[in-house]
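Quick look at query_13.csv (CSV, C-alpha atoms):
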chain,number,residue,atom,x,y,z
A,1,MET,CA,230.3,205.6,279.8
A,2,ILE,CA,230.3,203.6,283.1
A,3,MET,CA,231.9,200.2,283.4
A,4,VAL,CA,230.6,197.7,286.0
A,5,THR,CA,232.8,194.6,286.4
A,6,GLY,CA,230.7,191.7,287.8
A,7,GLY,CA,227.8,193.5,286.3
A,8,ALA,CA,225.8,190.4,285.6
A,9,GLY,CA,226.1,189.3,289.3
A,10,PHE,CA,224.0,190.2,292.3
A,11,ILE,CA,224.9,193.7,293.3
A,12,GLY,CA,226.4,194.5,289.9
A,13,SER,CA,223.2,193.9,288.0
A,14,ILE,CA,221.1,196.0,290.4
A,15,LEU,CA,223.6,198.8,290.1
A,16,HIS,CA,223.7,198.4,286.3
A,17,GLY,CA,219.9,198.7,286.1
A,18,ALA,CA,220.0,201.8,288.2
A,19,LEU,CA,222.6,203.4,286.0
A,20,GLN,CA,220.6,202.6,282.9
A,21,ARG,CA,217.5,204.2,284.5
A,22,ARG,CA,219.6,207.3,284.7
A,23,GLY,CA,220.1,207.2,281.0
A,24,LEU,CA,223.8,206.3,281.2
A,25,GLU,CA,225.7,204.2,278.8
A,26,THR,CA,227.0,201.0,280.5
A,27,VAL,CA,229.6,198.4,279.8
A,28,VAL,CA,229.4,195.1,281.7
A,29,VAL,CA,232.4,192.9,282.3
A,30,ASP,CA,231.3,189.4,283.3
A,31,HIS,CA,230.6,185.8,282.3
A,32,LEU,CA,227.0,184.8,281.9
A,33,GLY,CA,227.8,181.1,282.4
A,34,HIS,CA,225.2,178.4,282.7
A,35,SER,CA,223.5,179.4,286.0
A,36,GLY,CA,221.0,181.8,284.6
A,37,LYS,CA,222.9,185.0,285.3
A,38,TRP,CA,221.6,186.4,282.0
A,39,ARG,CA,218.3,186.8,283.7
A,40,ASN,CA,219.8,189.4,286.0
A,41,LEU,CA,220.3,191.6,282.9
A,42,ALA,CA,217.1,190.6,281.0
A,43,ALA,CA,215.2,193.8,281.8
A,44,HIS,CA,218.2,196.1,281.0
A,45,PRO,CA,220.7,194.6,278.6
A,46,PRO,CA,224.1,196.5,278.6
A,47,SER,CA,225.3,198.3,275.5
A,48,ARG,CA,228.3,196.0,275.6
A,49,LEU,CA,229.2,192.8,277.5
A,50,ILE,CA,232.9,191.9,277.8
A,51,PRO,CA,234.2,188.6,279.0
A,52,PRO,CA,236.8,189.2,281.8
A,53,GLU,CA,239.5,187.5,279.8
A,54,GLN,CA,239.1,190.3,277.1
A,55,LEU,CA,239.1,193.2,279.5
A,56,ASP,CA,242.8,194.1,279.1
A,57,GLU,CA,242.3,194.1,275.3
A,58,PHE,CA,239.3,196.4,275.6
A,59,LEU,CA,241.1,198.8,278.0
A,60,ALA,CA,244.1,198.9,275.6
A,61,GLU,CA,241.9,200.8,273.3
A,62,ASP,CA,241.6,203.6,275.9
A,63,PRO,CA,237.8,203.8,275.8
A,64,PRO,CA,236.2,207.0,277.3
A,65,ILE,CA,235.1,205.5,280.6
A,66,GLU,CA,234.1,208.1,283.3
A,67,MET,CA,233.9,205.6,286.2
A,68,ILE,CA,234.6,202.0,286.9
A,69,PHE,CA,232.6,200.2,289.6
A,70,HIS,CA,234.8,197.1,290.2
A,71,LEU,CA,232.5,194.5,291.8
A,72,GLY,CA,233.8,191.4,290.0
A,73,ALA,CA,235.6,189.0,292.3
A,74,ILE,CA,236.0,185.4,293.4
A,75,SER,CA,233.7,185.9,296.4
A,76,GLU,CA,233.2,182.4,297.7
A,77,THR,CA,234.4,182.2,301.3
A,78,THR,CA,235.2,178.5,300.6
A,79,ALA,CA,237.6,179.3,297.7
A,80,THR,CA,240.8,177.3,297.7
A,81,ASP,CA,242.7,178.3,294.5
A,82,GLY,CA,245.1,180.8,295.9
A,83,ASP,CA,246.7,181.8,292.7
A,84,LEU,CA,243.4,182.4,290.8
A,85,THR,CA,241.9,184.2,293.8
A,86,TRP,CA,244.9,186.5,294.1
A,87,ALA,CA,244.9,187.2,290.3
A,88,THR,CA,241.3,188.0,290.4
A,89,ASN,CA,241.0,189.9,293.7
A,90,VAL,CA,244.3,191.7,293.9
A,91,ALA,CA,246.2,191.8,290.6
A,92,LEU,CA,243.2,192.7,288.5
A,93,PRO,CA,242.0,195.6,290.6
A,94,LEU,CA,245.6,196.9,290.8
A,95,ARG,CA,245.7,197.0,287.0
A,96,LEU,CA,242.4,198.8,287.0
A,97,TRP,CA,243.8,201.3,289.6
A,98,TYR,CA,246.8,202.1,287.4
A,99,TRP,CA,244.6,202.3,284.2
A,100,CYS,CA,242.2,204.7,286.0
A,101,ALA,CA,245.1,206.8,287.2
A,102,ARG,CA,246.5,207.1,283.7
A,103,MET,CA,243.2,207.8,282.1
A,104,GLY,CA,241.7,210.1,284.7
A,105,THR,CA,238.9,207.6,285.4
A,106,ARG,CA,237.2,207.4,288.7
A,107,PHE,CA,237.4,204.1,290.5
A,108,VAL,CA,235.1,202.4,293.1
A,109,TYR,CA,235.9,198.8,294.2
A,110,ALA,CA,234.3,196.2,296.4
A,111,SER,CA,236.1,195.3,299.6
A,112,SER,CA,234.4,193.1,302.2
A,113,ALA,CA,233.5,192.8,305.8
A,114,ALA,CA,235.3,189.4,305.5
A,115,THR,CA,238.5,191.4,306.0
A,116,TYR,CA,237.6,191.8,309.7
A,117,GLY,CA,237.9,188.1,310.4
A,118,ASP,CA,236.3,187.1,313.7
A,119,GLY,CA,235.8,190.8,314.6
A,120,SER,CA,238.1,190.7,317.5
A,121,ALA,CA,240.1,193.6,316.1
A,122,GLY,CA,237.0,195.7,315.6
A,123,PHE,CA,235.3,197.0,312.5
A,124,ASP,CA,237.1,200.3,312.0
A,125,ASP,CA,237.1,201.1,308.3
A,126,GLY,CA,240.0,203.6,308.3
A,127,LEU,CA,243.2,203.0,306.4
A,128,ALA,CA,245.2,203.3,309.5
A,129,GLY,CA,245.3,200.1,311.5
A,130,LEU,CA,244.6,197.7,308.6
A,131,GLU,CA,247.6,195.6,309.6
A,132,ARG,CA,245.7,194.5,312.8
A,133,LEU,CA,243.1,192.6,310.8
A,134,ARG,CA,243.3,188.9,310.4
A,135,PRO,CA,240.8,187.5,307.8
A,136,LEU,CA,239.6,183.9,308.3
A,137,ASN,CA,239.6,182.7,304.7
A,138,LEU,CA,241.3,183.2,301.3
A,139,TYR,CA,238.6,185.4,300.0
A,140,GLY,CA,238.8,187.8,302.9
A,141,TRP,CA,242.6,187.8,302.9
A,142,THR,CA,242.8,188.8,299.2
A,143,LYS,CA,240.3,191.6,299.7
A,144,HIS,CA,242.3,192.7,302.7
A,145,ALA,CA,245.5,192.5,300.6
A,146,PHE,CA,244.1,194.9,298.1
A,147,ASP,CA,243.0,197.3,300.8
A,148,LEU,CA,246.6,197.2,302.1
A,149,THR,CA,247.9,197.8,298.6
A,150,VAL,CA,245.8,200.9,298.2
A,151,ALA,CA,247.0,202.2,301.6
A,152,ARG,CA,250.6,201.8,300.5
A,153,LEU,CA,250.0,203.4,297.1
A,154,LEU,CA,248.5,206.4,298.8
A,155,ALA,CA,251.2,206.6,301.5
A,156,ASN,CA,253.9,206.5,298.8
A,157,ALA,CA,252.1,209.2,296.8
A,158,GLU,CA,252.0,207.0,293.7
A,159,ALA,CA,249.7,207.5,290.8
A,160,ARG,CA,246.0,207.3,291.8
A,161,PRO,CA,242.6,207.8,290.1
A,162,PRO,CA,241.0,211.2,290.5
A,163,GLN,CA,238.4,209.6,292.8
A,164,TRP,CA,238.7,206.3,294.6
A,165,ALA,CA,236.6,204.5,297.1
A,166,GLY,CA,236.6,201.0,298.6
A,167,LEU,CA,233.4,199.7,300.1
A,168,LYS,CA,233.4,197.0,302.8
A,169,PHE,CA,230.1,195.3,302.1
A,170,PHE,CA,228.5,193.6,305.1
A,171,ASN,CA,225.6,191.1,304.7
A,172,VAL,CA,223.8,192.2,301.5
A,173,TYR,CA,220.5,190.6,300.5
A,174,GLY,CA,218.0,191.1,297.8
A,175,PRO,CA,216.9,190.1,294.2
A,176,ASN,CA,219.2,188.8,291.5
A,177,GLU,CA,221.3,186.7,294.0
A,178,TYR,CA,219.8,183.4,292.8
A,179,HIS,CA,222.8,182.1,291.0
A,180,LYS,CA,225.1,182.3,294.0
A,181,GLY,CA,224.7,178.8,295.3
A,182,ALA,CA,226.1,178.3,298.8
A,183,MET,CA,226.9,182.1,299.0
A,184,ILE,CA,223.2,183.1,298.7
A,185,SER,CA,221.9,185.3,301.5
A,186,VAL,CA,220.4,183.8,304.6
A,187,VAL,CA,217.2,185.7,303.9
A,188,LYS,CA,216.7,183.7,300.7
A,189,VAL,CA,217.6,180.4,302.4
A,190,LYS,CA,215.1,181.0,305.2
A,191,HIS,CA,212.4,182.0,302.7
A,192,ASP,CA,213.0,178.8,300.8
A,193,GLU,CA,212.6,176.8,304.0
A,194,VAL,CA,209.3,178.5,304.8
A,195,ALA,CA,208.0,178.3,301.2
A,196,ALA,CA,208.6,174.5,301.4
A,197,GLY,CA,206.3,174.3,304.4
A,198,GLY,CA,209.0,174.0,307.0
A,199,ALA,CA,210.2,176.2,309.8
A,200,PRO,CA,213.3,178.5,309.4
A,201,ARG,CA,216.3,176.6,310.8
A,202,LEU,CA,218.9,178.4,312.8
A,203,PHE,CA,222.2,177.3,314.3
A,204,ARG,CA,222.3,176.8,318.1
A,205,SER,CA,224.8,179.1,319.7
A,206,ASP,CA,228.3,177.9,320.2
A,207,ARG,CA,229.2,180.8,322.6
A,208,PRO,CA,228.6,180.5,326.4
A,209,GLY,CA,226.1,183.1,327.5
A,210,LEU,CA,224.7,183.7,324.0
A,211,ALA,CA,221.2,182.4,323.5
A,212,ASP,CA,220.2,180.4,320.4
A,213,GLY,CA,219.2,182.7,317.6
A,214,GLN,CA,220.9,185.7,319.1
A,215,GLN,CA,223.9,185.6,316.8
A,216,ARG,CA,223.8,189.1,315.2
A,217,ARG,CA,224.9,190.4,311.8
A,218,ASP,CA,224.6,193.7,310.0
A,219,PHE,CA,222.2,192.8,307.1
A,220,ILE,CA,221.8,195.5,304.4
A,221,TRP,CA,219.2,195.7,301.6
A,222,VAL,CA,220.8,195.8,298.2
A,223,ASP,CA,219.0,199.0,297.1
A,224,ASP,CA,220.8,200.8,300.0
A,225,VAL,CA,224.1,199.5,298.8
A,226,VAL,CA,223.4,200.8,295.3
A,227,ASP,CA,222.2,204.2,296.6
A,228,VAL,CA,225.7,204.6,298.2
A,229,MET,CA,227.4,203.8,294.9
A,230,LEU,CA,225.2,206.3,293.0
A,231,TRP,CA,226.0,208.9,295.7
A,232,LEU,CA,229.7,208.3,295.0
A,233,LEU,CA,229.0,208.8,291.3
A,234,ASP,CA,227.4,212.1,292.2
A,235,SER,CA,230.2,213.1,294.6
A,236,PRO,CA,233.5,213.1,292.8
A,237,GLU,CA,235.2,214.8,295.7
A,238,VAL,CA,234.7,211.8,298.1
A,239,ASP,CA,237.6,209.4,298.5
A,240,GLY,CA,238.2,206.7,301.1
A,241,LEU,CA,237.6,203.2,302.4
A,242,PHE,CA,234.2,202.9,303.9
A,243,ASN,CA,232.1,200.3,305.7
A,244,LEU,CA,228.8,199.6,304.0
A,245,GLY,CA,226.2,198.2,306.4
A,246,THR,CA,223.3,199.7,308.2
A,247,GLY,CA,225.2,200.4,311.4
A,248,ARG,CA,222.8,198.2,313.4
A,249,ALA,CA,223.3,194.4,314.0
A,250,ARG,CA,220.2,192.3,314.0
A,251,SER,CA,219.7,188.8,315.3
A,252,TYR,CA,219.1,185.8,313.2
A,253,LEU,CA,215.9,185.3,315.2
A,254,ASP,CA,214.8,188.8,314.1
A,255,LEU,CA,215.5,187.8,310.5
A,256,ALA,CA,213.7,184.5,310.7
A,257,HIS,CA,210.6,186.1,312.3
A,258,ALA,CA,210.6,188.8,309.6
A,259,VAL,CA,210.7,186.2,306.9
A,260,CYS,CA,207.7,184.4,308.5
A,261,ASP,CA,205.8,187.7,308.8
A,262,ALA,CA,206.5,188.6,305.2
A,263,ALA,CA,205.4,185.2,304.0
A,264,GLY,CA,202.2,185.3,306.1
A,265,VAL,CA,203.0,182.3,308.2
A,266,ALA,CA,203.1,181.7,311.9
A,267,ARG,CA,206.5,182.4,313.6
A,268,ARG,CA,208.2,179.1,314.4
A,269,ILE,CA,211.9,178.3,314.6
A,270,GLU,CA,213.8,175.0,314.4
A,271,TYR,CA,217.3,175.0,316.0
A,272,ILE,CA,220.0,172.7,314.7
A,273,ASP,CA,223.5,172.0,315.8
A,274,MET,CA,226.2,174.1,314.2
A,275,PRO,CA,228.4,172.0,311.9
A,276,ALA,CA,231.7,171.0,313.5
A,277,LYS,CA,233.7,172.8,310.9
A,278,LEU,CA,232.1,176.1,312.0
A,279,ARG,CA,232.4,175.8,315.8
A,280,GLY,CA,234.7,178.3,317.2
A,281,GLN,CA,235.0,180.1,313.9
A,282,TYR,CA,231.5,181.3,313.4
A,283,GLN,CA,231.0,185.1,313.4
A,284,SER,CA,228.5,185.7,316.2
A,285,PHE,CA,228.5,189.5,315.7
A,286,THR,CA,229.2,191.9,312.9
A,287,GLU,CA,228.2,195.6,312.9
A,288,ALA,CA,229.4,198.3,310.6
A,289,PRO,CA,230.4,201.6,312.2
A,290,MET,CA,229.1,204.1,309.7
A,291,GLU,CA,230.6,207.3,311.0
A,292,ARG,CA,233.2,207.7,308.3
A,293,LEU,CA,230.6,207.4,305.5
A,294,ARG,CA,228.4,209.9,307.3
A,295,ALA,CA,231.3,212.3,307.8
A,296,ALA,CA,232.0,212.1,304.1
A,297,GLY,CA,228.5,213.5,303.5
A,298,TYR,CA,226.3,210.5,302.9
A,299,ALA,CA,222.8,211.4,304.3
A,300,GLY,CA,220.7,208.5,303.0
A,301,GLN,CA,218.7,206.3,305.3
A,302,PHE,CA,219.1,202.5,305.5
A,303,THR,CA,216.1,200.2,305.2
A,304,LYS,CA,214.9,198.5,308.3
A,305,LEU,CA,215.4,194.7,308.2
A,306,GLU,CA,211.7,194.0,308.4
A,307,GLU,CA,210.9,196.3,305.5
A,308,GLY,CA,213.7,195.0,303.3
A,309,ILE,CA,212.7,191.4,303.9
A,310,ARG,CA,209.0,192.3,303.2
A,311,ARG,CA,210.0,193.9,299.9
A,312,TYR,CA,212.2,191.0,298.9
A,313,VAL,CA,209.7,188.3,299.7
A,314,GLN,CA,206.5,190.0,298.4
A,315,GLU,CA,207.9,191.9,295.4
A,316,ASN,CA,210.4,189.3,294.2
A,317,LEU,CA,210.6,185.9,295.8
A,318,THR,CA,206.8,185.2,295.6
A,319,GLN,CA,206.5,186.5,292.0
A,320,ALA,CA,206.6,184.6,288.8
A,321,ASP,CA,209.6,186.7,287.7
A,322,PRO,CA,211.7,187.3,290.8
A,323,TYR,CA,214.4,189.3,288.9
A,324,ARG,CA,214.9,193.0,288.8
Could you render the structure as structure tokens?
Amino acid sequence: MIMVTGGAGFIGSILHGALQRRGLETVVVDHLGHSGKWRNLAAHPPSRLIPPEQLDEFLAEDPPIEMIFHLGAISETTATDGDLTWATNVALPLRLWYWCARMGTRFVYASSAATYGDGSAGFDDGLAGLERLRPLNLYGWTKHAFDLTVARLLANAEARPPQWAGLKFFNVYGPNEYHKGAMISVVKVKHDEVAAGGAPRLFRSDRPGLADGQQRRDFIWVDDVVDVMLWLLDSPEVDGLFNLGTGRARSYLDLAHAVCDAAGVARRIEYIDMPAKLRGQYQSFTEAPMERLRAAGYAGQFTKLEEGIRRYVQENLTQADPYR
């Protein structure tokens, strides 16, 4: 039995579907809510759906779970409820860590590239040097706090799961993200602009010497993220905190052009002023060093941005049923 917390969400539902295609029994922990998240599971209903507030009660029964993929979180970068965000993003995964240690259950959890803040301290994913990082928002800070907690637990030789891994997701895009509101990927946003007959809109640069549209991020196709998690399932000897991007930053202009190409429309861009609240705080560059994951044995290839966007637009966004 495999548990996926946040399994009705974006990445979680794609992972859940992949696990079911392997013939594995799955338990999803999530709320379906009122934003259509049930559609993320429509093609592959879980054997059991547990509301998060009932998780502790379920675990008290000591169910025979082989592995927990803990993807559930408060992931809004605009979150302001500090107590709730700490309880969800730090206290809950810590309880799961101890439960997995007691039960001999393997544990993979979602960290985030938001832990790197403005990137000025680099993007090194090792446990050493975590203290240098300064996240810019509550979400990133709580993810960072749990990474630090794991580092302390290991340094103090406290109880630990038989396998553990933290994954620092960079900019993930792909199907089943439609419920995410303001947190939806920029690929989906640019496609919606094009589908409405307009041009993709990009922020003008707020950095001297950086041309408009040349802000760069590490964008990763959701199937590549899931492939890494399945590899961890197949590689019980692998432990560690790992970046999860492609290792290659691409410009927003590249992304917008790829959306136009995939949609079969002429390339044209509209530049707009960056909102005042973002000026001086906007990440103009993120790129995931992938050496540690490669050194751990992961040999899979990452999808080129243009190909990932082509698949997303043509196989999902332009279909009557965009879900997977």
Considering all atoms listed in the file, tabulate each residue of segment 231-297 of chain A that lies at most 9 Å from segment 184-190 of chain A along with its nearest interatomic pair and the corresponding distance in Å to one decimal; arrange the rows by chain and ascending residue number and present them as a Markdown table.
| residue | atom | partner | partner_atom | distance |
| --- | --- | --- | --- | --- |
| A:Tyr252 | CA | A:Val186 | CA | 8.9 |
| A:Leu255 | CA | A:Val187 | CA | 7.1 |
| A:Ala256 | CA | A:Lys190 | CA | 6.7 |
| A:Val259 | CA | A:Lys190 | CA | 7.0 |
| A:Cys260 | CA | A:Lys190 | CA | 8.8 |
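Residue nearest Glu291 of chain A, chosen from A:Thr115, A:Ser47, A:Asn243, A:Thr149 and counting only C-alpha atoms: A:Asn243.
With all atoms listed in the file as the atoms that count, the minimum distance from Glu306 of chain A to the choices A:Arg207, A:Arg48, A:His257, A:Arg292 is reached by A:His257.
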Mind checking which residues fall within 12 Å of Pro46 of chain A, counting all atoms listed in the file, ignoring those fewer than 5 positions away in the same chain, and posting them as a PyMOL selection string? chain A and resi 1-5+7-8+12-13+15-21+23-30+38+40-41
Using Å and a single decimal, report how far atom CA of Gly126 of chain A sits from atom CA of Thr80 of chain A. 28.4 Å
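Every protein, DNA or RNA residue with an atom at most 6 Å from segment 268-274 of chain A, where all atoms listed in the file count and chain neighbours fewer than 2 positions away do not, is listed here: Ala199, Pro200, Arg201, Leu202, Phe203 and Arg204 of chain A.
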Using only C-alpha atoms, find all polymer residues with an atom at most 10 Å away from the point (239.2, 201.2, 300.5); report them as a VMD selection string. chain A and resid 108 to 112 125 to 127 143 to 144 146 to 151 164 to 168 239 to 243
Write out, as CSV, each residue of segment 170-279 of chain A that has an atom at most 9 Å from segment 61-76 of chain A, together with the closest pair of atoms and their distance in Å to one decimal, counting all atoms listed in the file, rows going by chain and rising number.
residue,atom,partner,partner_atom,distance
A:Lys180,CA,A:Glu76,CA,8.9
A:Ala182,CA,A:Glu76,CA,8.3
A:Met183,CA,A:Glu76,CA,6.4
A:Met229,CA,A:Phe69,CA,8.3
A:Leu233,CA,A:Met67,CA,7.8
Save the residues we just selected, C-alpha atoms, as a PDB file, keeping the file's coordinate frame?
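Here's the written file selection_14.pdb:
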ATOM      1  CA  LYS A 180     225.100 182.300 294.000  1.00  0.00           C
ATOM      2  CA  ALA A 182     226.100 178.300 298.800  1.00  0.00           C
ATOM      3  CA  MET A 183     226.900 182.100 299.000  1.00  0.00           C
ATOM      4  CA  MET A 229     227.400 203.800 294.900  1.00  0.00           C
ATOM      5  CA  LEU A 233     229.000 208.800 291.300  1.00  0.00           C
TER       6      LEU A 233
END
Please determine the residues with any atom at most 9 Å from (215.6, 194.9, 306.5) (coordinates as given in the file, with only C-alpha atoms counting) and report them as a ChimeraX atom specification. /A:173,219-221,255,258,302-311
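Checking A:Gly181, A:Gly174, A:Pro289, A:Gly264 one by one against Asp218 of chain A, counting all atoms listed in the file, you find the shortest gap at A:Pro289.
Distance annotation: of A:Gly119, A:Gly300, A:Pro175, A:Pro45, the residue with the minimal separation from Glu287 of chain A is A:Gly119; atom set is all atoms listed in the file.
Note that atom CA of Asp118 of chain A and atom CA of Ala249 of chain A are 14.9 Å apart.
Across the structure, atom CA of Val238 of chain A and atom CA of Pro162 of chain A are spaced 9.9 Å apart.
Closest to Glu177 of chain A among A:Ala60, A:Leu244, A:Val222, A:Leu293 is A:Val222, based on only C-alpha atoms.
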Taking into account all atoms listed in the file, which residue in the set A:Ala121, A:Val194, A:Leu317, A:Leu32 is nearest to Tyr178 of chain A? A:Leu317
